[in-house]
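Student: Handing over final01.txt, compact mmCIF, C-alpha atoms.
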```txt
# COMPACT_ATOMS: atom_id res chain seq x y z
CA MET A 1 92.83 -7.90 41.22
CA THR A 2 92.70 -11.52 42.41
CA ARG A 3 90.58 -12.83 45.25
CA GLU A 4 93.77 -14.07 46.96
CA LEU A 5 95.26 -10.58 46.94
CA ARG A 6 92.12 -8.95 48.31
CA SER A 7 91.93 -11.63 51.01
CA ALA A 8 95.57 -10.99 51.93
CA ARG A 9 94.92 -7.27 52.26
CA TYR A 10 91.89 -7.75 54.52
CA GLY A 11 93.74 -10.38 56.52
CA ALA A 12 96.69 -8.07 57.09
CA VAL A 13 94.42 -5.22 58.21
CA LEU A 14 92.56 -7.50 60.63
CA THR A 15 95.89 -8.71 62.01
CA PHE A 16 96.81 -5.12 62.81
CA VAL A 17 93.38 -4.70 64.45
CA LEU A 18 93.95 -7.65 66.77
CA ALA A 19 97.49 -6.55 67.58
CA GLY A 20 96.20 -3.13 68.63
CA LEU A 21 93.42 -4.72 70.66
CA MET A 22 95.74 -7.04 72.57
CA VAL A 23 98.46 -4.51 73.37
CA GLY A 24 95.92 -1.75 74.03
CA THR A 25 94.03 -3.95 76.48
CA MET A 26 97.09 -4.34 78.66
CA THR A 27 98.13 -0.68 78.52
CA VAL A 28 94.68 0.78 79.16
CA ARG A 29 94.34 -1.30 82.34
CA ILE A 30 97.74 -0.34 83.80
CA PRO A 31 96.10 1.76 86.55
CA ALA A 32 94.08 -1.32 87.55
CA LEU A 33 97.24 -3.42 87.47
CA THR A 34 98.99 -1.00 89.83
CA ASP A 35 96.08 -1.28 92.22
CA LYS A 36 95.93 -5.08 91.94
CA LEU A 37 99.56 -5.60 92.96
CA GLY A 38 100.28 -2.29 94.74
CA LEU A 39 102.93 -1.16 92.25
CA SER A 40 104.87 2.10 92.33
CA GLU A 41 105.50 4.19 89.22
CA ALA A 42 109.09 2.93 89.09
CA MET A 43 107.85 -0.67 89.23
CA VAL A 44 105.40 0.03 86.40
CA GLY A 45 108.40 1.26 84.45
CA THR A 46 110.20 -2.01 85.23
CA ILE A 47 107.26 -4.06 83.98
CA LEU A 48 107.15 -2.05 80.76
CA LEU A 49 110.91 -2.51 80.46
CA ALA A 50 110.44 -6.29 80.70
CA TRP A 51 107.79 -6.19 77.98
CA GLY A 52 109.96 -4.03 75.75
CA LEU A 53 113.06 -6.17 76.26
CA GLY A 54 111.13 -9.26 75.27
CA ALA A 55 109.88 -7.57 72.10
CA LEU A 56 113.28 -6.10 71.27
CA VAL A 57 115.11 -9.40 71.66
CA THR A 58 112.90 -11.18 69.16
CA MET A 59 112.77 -8.24 66.76
CA GLN A 60 116.54 -7.99 66.67
CA SER A 61 116.83 -11.71 65.89
CA MET A 62 114.24 -11.70 63.11
CA ARG A 63 116.40 -10.53 60.20
CA ARG A 64 117.71 -13.98 59.30
CA VAL A 65 114.45 -15.73 60.12
CA MET A 66 112.44 -13.39 57.90
CA ALA A 67 114.97 -13.74 55.08
CA ARG A 68 114.71 -17.53 55.20
CA VAL A 69 111.02 -18.29 55.72
CA GLY A 70 109.15 -15.05 55.03
CA SER A 71 106.41 -13.22 56.87
CA ARG A 72 103.58 -15.71 56.28
CA ALA A 73 105.14 -18.59 58.22
CA VAL A 74 106.38 -16.33 61.00
CA LEU A 75 103.04 -14.56 61.40
CA ARG A 76 101.11 -17.83 61.53
CA ALA A 77 103.12 -18.71 64.64
CA GLY A 78 103.57 -15.26 66.20
CA GLY A 79 99.91 -14.20 66.17
CA PRO A 80 98.48 -17.10 68.18
CA LEU A 81 101.45 -17.03 70.57
CA THR A 82 100.74 -13.36 71.29
CA ALA A 83 97.15 -14.18 72.24
CA LEU A 84 98.26 -17.04 74.49
CA SER A 85 100.84 -14.92 76.26
CA LEU A 86 98.30 -12.13 76.89
CA PHE A 87 96.16 -14.75 78.59
CA GLY A 88 99.16 -15.47 80.85
CA VAL A 89 99.55 -11.78 81.73
CA GLY A 90 95.95 -11.66 82.89
CA LEU A 91 96.33 -14.72 85.13
CA ALA A 92 99.65 -13.73 86.80
CA PRO A 93 98.94 -13.60 90.57
CA ASP A 94 102.12 -11.86 91.79
CA LEU A 95 105.00 -9.68 90.60
CA PRO A 96 107.56 -12.43 89.70
CA LEU A 97 105.03 -14.35 87.60
CA LEU A 98 103.76 -11.10 86.08
CA LEU A 99 107.28 -10.18 84.96
CA THR A 100 107.71 -13.62 83.39
CA ALA A 101 104.37 -13.40 81.60
CA VAL A 102 105.06 -9.87 80.38
CA VAL A 103 108.44 -10.91 78.94
CA LEU A 104 106.79 -13.78 77.05
CA PHE A 105 104.06 -11.44 75.82
CA GLY A 106 106.69 -9.00 74.59
CA MET A 107 108.66 -11.74 72.82
CA ALA A 108 105.58 -13.09 71.06
CA PHE A 109 104.45 -9.61 70.07
CA GLY A 110 107.93 -8.81 68.71
CA VAL A 111 107.63 -11.75 66.33
CA MET A 112 104.10 -10.79 65.35
CA ASP A 113 104.88 -7.12 64.79
CA VAL A 114 107.84 -7.62 62.47
CA ALA A 115 105.98 -10.28 60.49
CA MET A 116 102.74 -8.31 60.12
CA ASN A 117 104.60 -5.23 58.89
CA ALA A 118 106.57 -7.34 56.41
CA GLN A 119 103.29 -8.92 55.30
CA GLY A 120 101.82 -5.43 54.92
CA SER A 121 104.79 -4.40 52.79
CA ALA A 122 104.40 -7.50 50.61
CA VAL A 123 100.72 -6.74 50.06
CA GLU A 124 101.50 -3.07 49.41
CA GLN A 125 104.04 -3.94 46.73
CA ALA A 126 101.70 -6.49 45.17
CA TYR A 127 99.06 -3.76 44.89
CA ARG A 128 101.70 -1.32 43.55
CA ARG A 129 100.42 1.64 45.59
CA PRO A 130 100.79 2.92 49.17
CA LEU A 131 98.75 0.91 51.68
CA MET A 132 100.83 0.85 54.86
CA ASN A 133 99.04 3.76 56.56
CA GLY A 134 95.78 1.94 56.00
CA MET A 135 97.27 -1.19 57.57
CA HIS A 136 98.29 0.78 60.64
CA ALA A 137 94.83 2.32 60.77
CA GLY A 138 93.75 -1.20 61.66
CA TRP A 139 96.01 -1.01 64.71
CA CYS A 140 94.22 2.19 65.73
CA VAL A 141 90.83 0.51 65.40
CA GLY A 142 92.05 -2.25 67.71
CA ALA A 143 93.53 0.18 70.21
CA ILE A 144 90.40 2.35 70.21
CA SER A 145 88.33 -0.76 70.80
CA ALA A 146 90.64 -1.71 73.66
CA GLY A 147 90.16 1.71 75.25
CA ALA A 148 86.40 1.67 74.82
CA LEU A 149 86.12 -1.87 76.17
CA GLY A 150 88.45 -0.89 79.00
CA ALA A 151 86.25 2.03 79.99
CA LEU A 152 83.19 -0.25 79.91
CA ALA A 153 85.01 -2.91 81.95
CA ILE A 154 85.98 -0.32 84.57
CA ALA A 155 82.46 1.05 84.75
CA ALA A 156 81.09 -2.50 85.15
CA GLY A 157 83.64 -3.34 87.86
CA LEU A 158 85.32 -6.08 85.78
CA PRO A 159 88.73 -6.82 87.34
CA PHE A 160 92.02 -6.75 85.46
CA THR A 161 92.38 -10.53 85.40
CA ALA A 162 88.96 -11.28 83.93
CA HIS A 163 89.21 -8.53 81.32
CA VAL A 164 92.68 -9.35 80.00
CA THR A 165 92.25 -13.13 79.93
CA LEU A 166 88.95 -12.78 78.07
CA ILE A 167 90.58 -10.69 75.32
CA GLY A 168 93.38 -13.25 75.01
CA LEU A 169 90.98 -16.16 74.71
CA LEU A 170 88.84 -14.43 72.09
CA SER A 171 91.85 -13.34 70.00
CA LEU A 172 93.42 -16.81 69.75
CA PRO A 173 91.03 -18.54 67.31
CA VAL A 174 90.74 -15.40 65.16
CA MET A 175 94.53 -15.26 64.74
CA VAL A 176 94.57 -18.92 63.69
CA LEU A 177 91.90 -18.30 61.05
CA LEU A 178 93.67 -15.21 59.69
CA GLY A 179 96.75 -17.32 59.03
CA ARG A 180 95.00 -18.73 55.96
CA THR A 181 94.84 -15.32 54.26
CA TYR A 182 98.52 -14.30 54.35
CA LEU A 183 100.39 -13.71 51.11
CA PRO A 184 103.59 -15.65 50.34
CA GLU A 185 106.46 -13.33 49.52
CA PRO A 186 108.17 -13.86 46.16
CA PRO A 187 111.61 -15.47 46.62
CA ALA A 188 114.59 -13.20 46.04
CA VAL A 189 117.96 -14.27 44.70
CA GLU A 190 119.73 -12.91 47.80
CA ALA A 191 117.13 -14.01 50.34
CA ARG A 192 119.46 -16.38 52.18
CA THR A 193 122.22 -13.83 52.63
CA GLN A 194 120.05 -10.75 53.13
CA GLY A 195 119.80 -11.31 56.89
CA ARG A 196 123.62 -11.17 57.22
CA ARG A 197 124.39 -8.27 54.86
CA ARG A 198 124.65 -4.69 55.97
CA LEU A 199 121.50 -2.81 55.05
CA PRO A 200 121.45 0.55 53.20
CA PRO A 201 122.11 3.60 55.45
CA VAL A 202 118.59 4.94 54.84
CA VAL A 203 117.20 1.97 56.80
CA TYR A 204 119.07 3.09 59.92
CA LEU A 205 117.96 6.70 59.48
CA LEU A 206 114.37 5.52 59.15
CA GLY A 207 114.88 3.38 62.24
CA ALA A 208 116.05 6.43 64.20
CA ILE A 209 112.99 8.45 63.17
CA MET A 210 110.80 5.53 64.11
CA PHE A 211 112.62 5.35 67.47
CA PHE A 212 111.59 8.93 68.29
CA ALA A 213 108.01 8.38 67.14
CA PHE A 214 107.60 5.17 69.11
CA MET A 215 108.95 6.87 72.22
CA VAL A 216 106.07 9.33 71.87
CA GLU A 217 103.52 6.57 71.25
CA GLY A 218 104.80 4.49 74.15
CA THR A 219 104.80 7.47 76.49
CA VAL A 220 101.19 8.29 75.67
CA ALA A 221 100.03 4.67 75.80
CA ASP A 222 101.66 3.82 79.12
CA TRP A 223 101.59 7.06 81.08
CA ASN A 224 98.69 9.22 79.93
CA GLY A 225 96.21 7.37 82.17
CA LEU A 226 98.28 7.94 85.29
CA TYR A 227 98.98 11.54 84.25
CA LEU A 228 95.29 12.34 83.80
CA ARG A 229 94.33 10.61 87.04
CA ASP A 230 97.18 11.66 89.33
CA GLU A 231 98.21 15.07 87.98
CA LEU A 232 94.88 16.43 86.71
CA GLY A 233 92.54 14.62 89.09
CA ALA A 234 90.46 12.80 86.49
CA PRO A 235 88.38 9.76 87.56
CA GLU A 236 89.82 6.46 86.34
CA ALA A 237 87.06 5.98 83.76
CA VAL A 238 87.83 9.44 82.30
CA ALA A 239 91.60 8.84 82.47
CA ALA A 240 91.11 5.65 80.47
CA LEU A 241 89.70 7.74 77.59
CA GLY A 242 92.96 9.58 76.92
CA TYR A 243 94.50 6.65 75.04
CA PRO A 244 91.50 5.86 72.79
CA VAL A 245 91.11 9.59 71.99
CA PHE A 246 94.79 9.62 71.02
CA GLU A 247 94.17 6.57 68.84
CA VAL A 248 91.15 8.22 67.17
CA GLY A 249 93.47 11.01 66.03
CA MET A 250 95.91 8.40 64.75
CA LEU A 251 93.15 6.54 62.94
CA ILE A 252 91.94 9.63 61.07
CA ALA A 253 95.49 10.55 60.03
CA ARG A 254 96.27 7.02 58.85
CA LEU A 255 93.10 6.69 56.84
CA THR A 256 94.21 9.69 54.77
CA GLY A 257 97.97 9.16 55.04
CA ASP A 258 98.48 7.09 51.90
CA ARG A 259 96.80 9.74 49.73
CA LEU A 260 98.78 12.52 51.41
CA ARG A 261 101.99 10.61 50.80
CA VAL A 262 101.39 10.51 47.07
CA ARG A 263 100.69 14.24 47.02
CA PHE A 264 103.25 15.70 49.43
CA GLY A 265 105.99 13.09 49.77
CA VAL A 266 107.43 11.41 52.84
CA ARG A 267 109.95 14.06 53.89
CA GLY A 268 107.41 16.87 53.98
CA MET A 269 104.86 14.75 55.84
CA LEU A 270 107.36 13.66 58.47
CA THR A 271 108.57 17.21 59.08
CA VAL A 272 105.07 18.55 59.62
CA SER A 273 104.22 15.56 61.80
CA GLY A 274 107.18 16.17 64.08
CA VAL A 275 106.35 19.85 64.59
CA ALA A 276 102.67 19.06 65.25
CA THR A 277 103.59 16.35 67.75
CA ALA A 278 105.84 18.70 69.71
CA GLY A 279 103.31 21.53 69.75
CA PHE A 280 100.29 19.53 70.86
CA PHE A 281 102.24 17.54 73.43
CA ALA A 282 103.11 20.88 75.00
CA VAL A 283 99.39 21.68 75.15
CA VAL A 284 98.78 18.42 77.03
CA LEU A 285 101.38 19.36 79.62
CA LEU A 286 100.08 22.91 80.03
CA ALA A 287 96.41 21.90 80.18
CA PRO A 288 94.57 23.30 83.24
CA ALA A 289 92.01 20.48 83.28
CA ALA A 290 91.68 16.86 82.21
CA VAL A 291 89.16 17.63 79.46
CA VAL A 292 91.64 19.95 77.75
CA ALA A 293 94.43 17.38 77.98
CA VAL A 294 92.20 14.62 76.58
CA ALA A 295 91.23 16.85 73.64
CA ALA A 296 94.91 17.66 72.99
CA MET A 297 95.69 13.92 72.97
CA PHE A 298 93.61 13.72 69.79
CA PHE A 299 95.92 16.17 68.02
CA VAL A 300 99.06 14.47 69.32
CA GLY A 301 97.75 11.27 67.74
CA LEU A 302 96.97 13.16 64.54
CA GLY A 303 100.55 14.42 64.41
CA VAL A 304 102.48 11.25 65.22
CA ALA A 305 100.22 8.75 63.41
CA THR A 306 101.83 8.46 59.97
CA ILE A 307 105.47 8.42 61.09
CA SER A 308 105.88 4.70 61.79
CA PRO A 309 103.88 3.49 58.74
CA LEU A 310 105.87 5.75 56.42
CA THR A 311 109.23 4.69 57.83
CA LEU A 312 108.34 1.00 57.70
CA SER A 313 107.02 1.31 54.15
CA LEU A 314 110.23 2.95 52.97
CA ALA A 315 112.34 0.38 54.82
CA GLY A 316 110.41 -2.41 53.13
CA THR A 317 111.38 -1.13 49.69
CA ALA A 318 115.06 -0.56 50.52
CA THR A 319 116.07 -4.16 49.68
CA ASP A 320 114.87 -7.06 47.53
CA THR A 321 113.05 -8.66 50.48
CA PRO A 322 111.15 -6.44 52.93
CA GLY A 323 111.49 -8.67 56.00
CA PRO A 324 115.12 -8.02 57.07
CA ALA A 325 114.96 -4.23 56.59
CA ILE A 326 111.64 -4.01 58.42
CA ALA A 327 113.04 -6.17 61.22
CA GLN A 328 116.01 -3.80 61.61
CA ALA A 329 113.95 -0.60 61.49
CA GLY A 330 111.33 -2.19 63.71
CA ALA A 331 113.91 -3.20 66.31
CA MET A 332 115.26 0.34 66.41
CA GLY A 333 111.75 1.75 66.65
CA TYR A 334 110.65 -0.54 69.43
CA ALA A 335 113.76 0.36 71.36
CA GLY A 336 111.95 3.69 71.67
CA LEU A 337 108.89 1.92 73.08
CA LEU A 338 111.29 0.19 75.45
CA LEU A 339 113.25 3.24 76.53
CA GLY A 340 110.58 5.94 76.58
CA PRO A 341 108.20 4.62 79.24
CA VAL A 342 111.11 3.49 81.42
CA VAL A 343 112.76 6.91 81.25
CA ILE A 344 109.44 8.54 82.13
CA GLY A 345 109.01 6.21 85.09
CA PHE A 346 112.35 7.01 86.68
CA LEU A 347 112.25 10.72 85.80
CA SER A 348 108.79 11.02 87.34
CA ASP A 349 110.09 9.61 90.60
CA ALA A 350 112.83 12.24 90.60
CA ALA A 351 111.09 15.33 89.16
CA GLY A 352 107.37 14.59 88.90
CA LEU A 353 105.33 13.04 86.11
CA ARG A 354 104.42 16.31 84.37
CA THR A 355 108.06 17.34 84.10
CA ALA A 356 109.12 13.90 82.90
CA LEU A 357 106.52 13.93 80.13
CA GLY A 358 108.19 17.03 78.67
CA ILE A 359 110.41 14.60 76.76
CA GLY A 360 107.52 14.24 74.29
CA VAL A 361 108.01 17.81 73.09
CA LEU A 362 111.73 17.18 72.51
CA LEU A 363 111.00 13.99 70.59
CA GLY A 364 108.65 15.78 68.20
CA LEU A 365 111.35 18.31 67.38
CA LEU A 366 113.90 15.52 66.79
CA ILE A 367 111.51 13.86 64.33
CA ALA A 368 111.17 17.08 62.35
CA LEU A 369 114.92 17.67 62.24
CA SER A 370 115.83 14.08 61.35
CA SER A 371 113.28 13.99 58.54
CA ARG A 372 115.16 16.72 56.71
CA LEU A 373 118.03 14.25 56.23
CA LEU A 374 115.91 11.94 54.07
CA PRO A 375 116.30 12.11 50.28
CA GLY A 376 114.03 14.58 48.53
CA ARG A 377 112.66 11.80 46.34
CA GLU A 378 111.61 8.44 47.67
CA PRO A 379 114.03 5.66 46.65
CA ALA A 380 112.19 2.83 44.87
CA THR A 381 108.96 3.14 46.85
CA VAL A 382 105.62 1.72 45.89
CA THR A 383 104.61 5.12 44.55
CA HIS A 384 107.15 4.66 41.75
CA LEU A 385 106.90 0.97 40.97
CA PRO A 386 106.41 0.29 37.27
CA GLU A 387 103.05 -0.90 36.06
CA PRO A 388 102.94 -4.62 35.28
CA GLU A 389 103.72 -5.41 31.69
CA PRO A 390 100.71 -6.45 29.59
CA GLU A 391 100.56 -10.05 28.51
CA PRO A 392 101.48 -10.61 24.85
CA VAL A 393 98.57 -11.04 22.48
CA ARG A 394 98.51 -14.50 21.03
CA ALA A 395 97.56 -15.08 17.43
CA ALA A 396 94.35 -16.91 16.83
CA ALA A 397 94.78 -20.53 15.93
```
In structure tokens, how does this file's structure come out?
Tutor:
Amino acid sequence: MTRELRSARYGAVLTFVLAGLMVGTMTVRIPALTDKLGLSEAMVGTILLAWGLGALVTMQSMRRVMARVGSRAVLRAGGPLTALSLFGVGLAPDLPLLLTAVVLFGMAFGVMDVAMNAQGSAVEQAYRRPLMNGMHAGWCVGAISAGALGALAIAAGLPFTAHVTLIGLLSLPVMVLLGRTYLPEPPAVEARTQGRRRLPPVVYLLGAIMFFAFMVEGTVADWNGLYLRDELGAPEAVAALGYPVFEVGMLIARLTGDRLRVRFGVRGMLTVSGVATAGFFAVVLLAPAAVVAVAAMFFVGLGVATISPLTLSLAGTATDTPGPAIAQAGAMGYAGLLLGPVVIGFLSDAAGLRTALGIGVLLGLLIALSSRLLPGREPATVTHLPEPEPEPVRAAA
């Protein structure tokens, strides 16, 4: 195991940590943002739509870029740009400028997300064993930190602007330094044409499963705070804990997910995850008090946690170069982050937030059903890569 490879693994994990911190900081302070600008629930949905559209546009355009230059070059640009654009979100003084800043933040994050997952896949394949769940555990650490810092900021009376801009400023130099650790991807014979070729059908199936999972994650991230505060009467500081508790459940599942994958396989894990997500989301909606709903958020996170890492890992091994397949599956998945919160926003205006959140139960069931369509054995995954051939023994001179 070379020092360069270990450094690349730690750098990839820390990149996921910072991504979770930056996105989580914005989402955990959404109630404060609504108060700052006097936004309705439908307008919050519009803001989240703008963020998602920005991310989706860049993700959808990344197939050719990733095939040409690889994840290292893209991530070195996308990470710092994400930090700078978060700084802009914090400073936006009115709705038009906020929408502009949120679109730019989404676009920069879309670049960063595709590249960091492709980098994670490259490191995973270099190690020749499953690592993607561990990478995504880094995201959970960042998101949990964002929730904890958000609760402290609320308790200290720190306004939205000061909190968000501070996180952006602190993240920028760290992202620049992490750029030195990224692993170059080995060139493939078809790298230049991979971005234009049709990908294997399994990539699109994995993208659909990821779409359902990300709808659940986006719904929890963007609406659980308002649900706990407005529907269950929780104080804002308590409502802010729902998201980090959800992320704690995700973190625990992801820390063990790679080992479980080797033992039980992807299809079985995804099926159980979908059923668990549906069941515990129903508990959240039927909870008589905020403390019960917050506790149930932990188990929702436990259920949904491994779905996106598993789908991205499989997508990364579906072709010679992981970037284009991950870009396609990622774009489909983040369409769920785009659509889910927006649908919840408009449904809540029509039927109430509790009723609108019932879509989370349906999504869990769709994950379980779709997972049964995957092959029984994983096609060319890191769990089946051949061991490197030993170097030939040279005769003594």
Student: Taking only C-alpha atoms into account, which of A:Asp230, A:Val114, A:Gly134, A:Thr27 comes nearest Gly352 in chain A?
Tutor: A:Asp230
Student: Just checking: using all atoms listed in the file, which residue out of A:Ala148, A:Gly168, A:Pro31, A:Ala368 ends up closest to Arg229 in chain A?
Tutor: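 So, comparing all the options, the nearest one is A:Pro31.
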Student: Which one is closest to Leu338 in chain A: A:Leu91, A:Ala8, A:Met215, A:Leu172? Count all atoms listed in the file.
Tutor: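 The shortest atom-to-atom distance to Leu338 in chain A comes from A:Met215.
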Student: What's around Ala276 in chain A at 10 Å? Count only C-alpha atoms, leave out sequence neighbours fewer than 5 positions away in its own chain, and write the answer as a VMD selection string.
Tutor: chain A and resid 270 to 271 281 to 282 299 to 304 361 364 to 365 368
Student: Given only C-alpha atoms as the basis, pick out the residue of A:Val342, A:Ala327, A:Leu5, A:Ala296 nearest to Ser313 in chain A.
Tutor: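 Using only C-alpha atoms, Ser313 in chain A sits closest to A:Ala327.
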Student: CA of Pro309 in chain A to CA of Gly279 in chain A: how many Å, to one decimal?
Tutor: 21.1 Å
Student: Please return, as an MDAnalysis selection string, all polymer residues that have at least one atom within 12 Å of the point (92.6, -15.9, 52.7); use only C-alpha atoms and the file's own coordinate frame.
Tutor: chainID A and resid 2:12 14 72 176:184
Student: May I ask you to restore N, CA, C and O atoms in range 282-299 of chain A and write the result as a PDB file, in the coordinates of the input?
Tutor:
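Just written: out.pdb:
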```
ATOM      1  N   ALA A 282     102.963  19.772  74.060  1.00  0.00           N
ATOM      2  CA  ALA A 282     103.110  20.880  75.000  1.00  0.00           C
ATOM      3  C   ALA A 282     101.754  21.340  75.534  1.00  0.00           C
ATOM      4  O   ALA A 282     101.624  21.693  76.717  1.00  0.00           O
ATOM      5  N   VAL A 283     100.726  21.320  74.687  1.00  0.00           N
ATOM      6  CA  VAL A 283      99.390  21.680  75.150  1.00  0.00           C
ATOM      7  C   VAL A 283      98.897  20.713  76.213  1.00  0.00           C
ATOM      8  O   VAL A 283      98.280  21.119  77.211  1.00  0.00           O
ATOM      9  N   VAL A 284      99.168  19.415  76.025  1.00  0.00           N
ATOM     10  CA  VAL A 284      98.780  18.420  77.030  1.00  0.00           C
ATOM     11  C   VAL A 284      99.403  18.748  78.378  1.00  0.00           C
ATOM     12  O   VAL A 284      98.744  18.696  79.422  1.00  0.00           O
ATOM     13  N   LEU A 285     100.672  19.105  78.366  1.00  0.00           N
ATOM     14  CA  LEU A 285     101.380  19.360  79.620  1.00  0.00           C
ATOM     15  C   LEU A 285     100.962  20.667  80.278  1.00  0.00           C
ATOM     16  O   LEU A 285     101.048  20.805  81.502  1.00  0.00           O
ATOM     17  N   LEU A 286     100.504  21.625  79.492  1.00  0.00           N
ATOM     18  CA  LEU A 286     100.080  22.910  80.030  1.00  0.00           C
ATOM     19  C   LEU A 286      98.587  22.976  80.301  1.00  0.00           C
ATOM     20  O   LEU A 286      98.089  24.012  80.782  1.00  0.00           O
ATOM     21  N   ALA A 287      97.867  21.894  80.042  1.00  0.00           N
ATOM     22  CA  ALA A 287      96.410  21.900  80.180  1.00  0.00           C
ATOM     23  C   ALA A 287      95.993  22.141  81.632  1.00  0.00           C
ATOM     24  O   ALA A 287      96.538  21.516  82.549  1.00  0.00           O
ATOM     25  N   PRO A 288      95.027  23.034  81.865  1.00  0.00           N
ATOM     26  CA  PRO A 288      94.570  23.300  83.240  1.00  0.00           C
ATOM     27  C   PRO A 288      93.587  22.270  83.763  1.00  0.00           C
ATOM     28  O   PRO A 288      93.317  22.222  84.958  1.00  0.00           O
ATOM     29  N   ALA A 289      93.008  21.452  82.862  1.00  0.00           N
ATOM     30  CA  ALA A 289      92.010  20.480  83.280  1.00  0.00           C
ATOM     31  C   ALA A 289      92.116  19.236  82.407  1.00  0.00           C
ATOM     32  O   ALA A 289      92.644  19.278  81.290  1.00  0.00           O
ATOM     33  N   ALA A 290      91.574  18.137  82.921  1.00  0.00           N
ATOM     34  CA  ALA A 290      91.680  16.860  82.210  1.00  0.00           C
ATOM     35  C   ALA A 290      91.006  16.905  80.850  1.00  0.00           C
ATOM     36  O   ALA A 290      91.502  16.314  79.883  1.00  0.00           O
ATOM     37  N   VAL A 291      89.885  17.602  80.728  1.00  0.00           N
ATOM     38  CA  VAL A 291      89.160  17.630  79.460  1.00  0.00           C
ATOM     39  C   VAL A 291      89.990  18.287  78.367  1.00  0.00           C
ATOM     40  O   VAL A 291      89.952  17.868  77.198  1.00  0.00           O
ATOM     41  N   VAL A 292      90.767  19.293  78.725  1.00  0.00           N
ATOM     42  CA  VAL A 292      91.640  19.950  77.750  1.00  0.00           C
ATOM     43  C   VAL A 292      92.761  19.007  77.326  1.00  0.00           C
ATOM     44  O   VAL A 292      93.096  18.900  76.135  1.00  0.00           O
ATOM     45  N   ALA A 293      93.348  18.299  78.286  1.00  0.00           N
ATOM     46  CA  ALA A 293      94.430  17.380  77.980  1.00  0.00           C
ATOM     47  C   ALA A 293      93.939  16.223  77.101  1.00  0.00           C
ATOM     48  O   ALA A 293      94.627  15.809  76.155  1.00  0.00           O
ATOM     49  N   VAL A 294      92.751  15.701  77.391  1.00  0.00           N
ATOM     50  CA  VAL A 294      92.200  14.620  76.580  1.00  0.00           C
ATOM     51  C   VAL A 294      91.965  15.093  75.150  1.00  0.00           C
ATOM     52  O   VAL A 294      92.272  14.385  74.179  1.00  0.00           O
ATOM     53  N   ALA A 295      91.444  16.308  74.988  1.00  0.00           N
ATOM     54  CA  ALA A 295      91.230  16.850  73.640  1.00  0.00           C
ATOM     55  C   ALA A 295      92.560  17.018  72.908  1.00  0.00           C
ATOM     56  O   ALA A 295      92.665  16.726  71.707  1.00  0.00           O
ATOM     57  N   ALA A 296      93.600  17.480  73.608  1.00  0.00           N
ATOM     58  CA  ALA A 296      94.910  17.660  72.990  1.00  0.00           C
ATOM     59  C   ALA A 296      95.528  16.325  72.593  1.00  0.00           C
ATOM     60  O   ALA A 296      96.301  16.251  71.628  1.00  0.00           O
ATOM     61  N   MET A 297      95.192  15.249  73.325  1.00  0.00           N
ATOM     62  CA  MET A 297      95.690  13.920  72.970  1.00  0.00           C
ATOM     63  C   MET A 297      95.259  13.545  71.551  1.00  0.00           C
ATOM     64  O   MET A 297      95.995  12.871  70.822  1.00  0.00           O
ATOM     65  N   PHE A 298      94.089  13.984  71.149  1.00  0.00           N
ATOM     66  CA  PHE A 298      93.610  13.720  69.790  1.00  0.00           C
ATOM     67  C   PHE A 298      94.581  14.294  68.767  1.00  0.00           C
ATOM     68  O   PHE A 298      94.935  13.633  67.779  1.00  0.00           O
ATOM     69  N   PHE A 299      95.044  15.513  68.987  1.00  0.00           N
ATOM     70  CA  PHE A 299      95.920  16.170  68.020  1.00  0.00           C
ATOM     71  C   PHE A 299      97.348  15.633  68.078  1.00  0.00           C
ATOM     72  O   PHE A 299      98.056  15.634  67.067  1.00  0.00           O
TER      73      PHE A 299
END
```
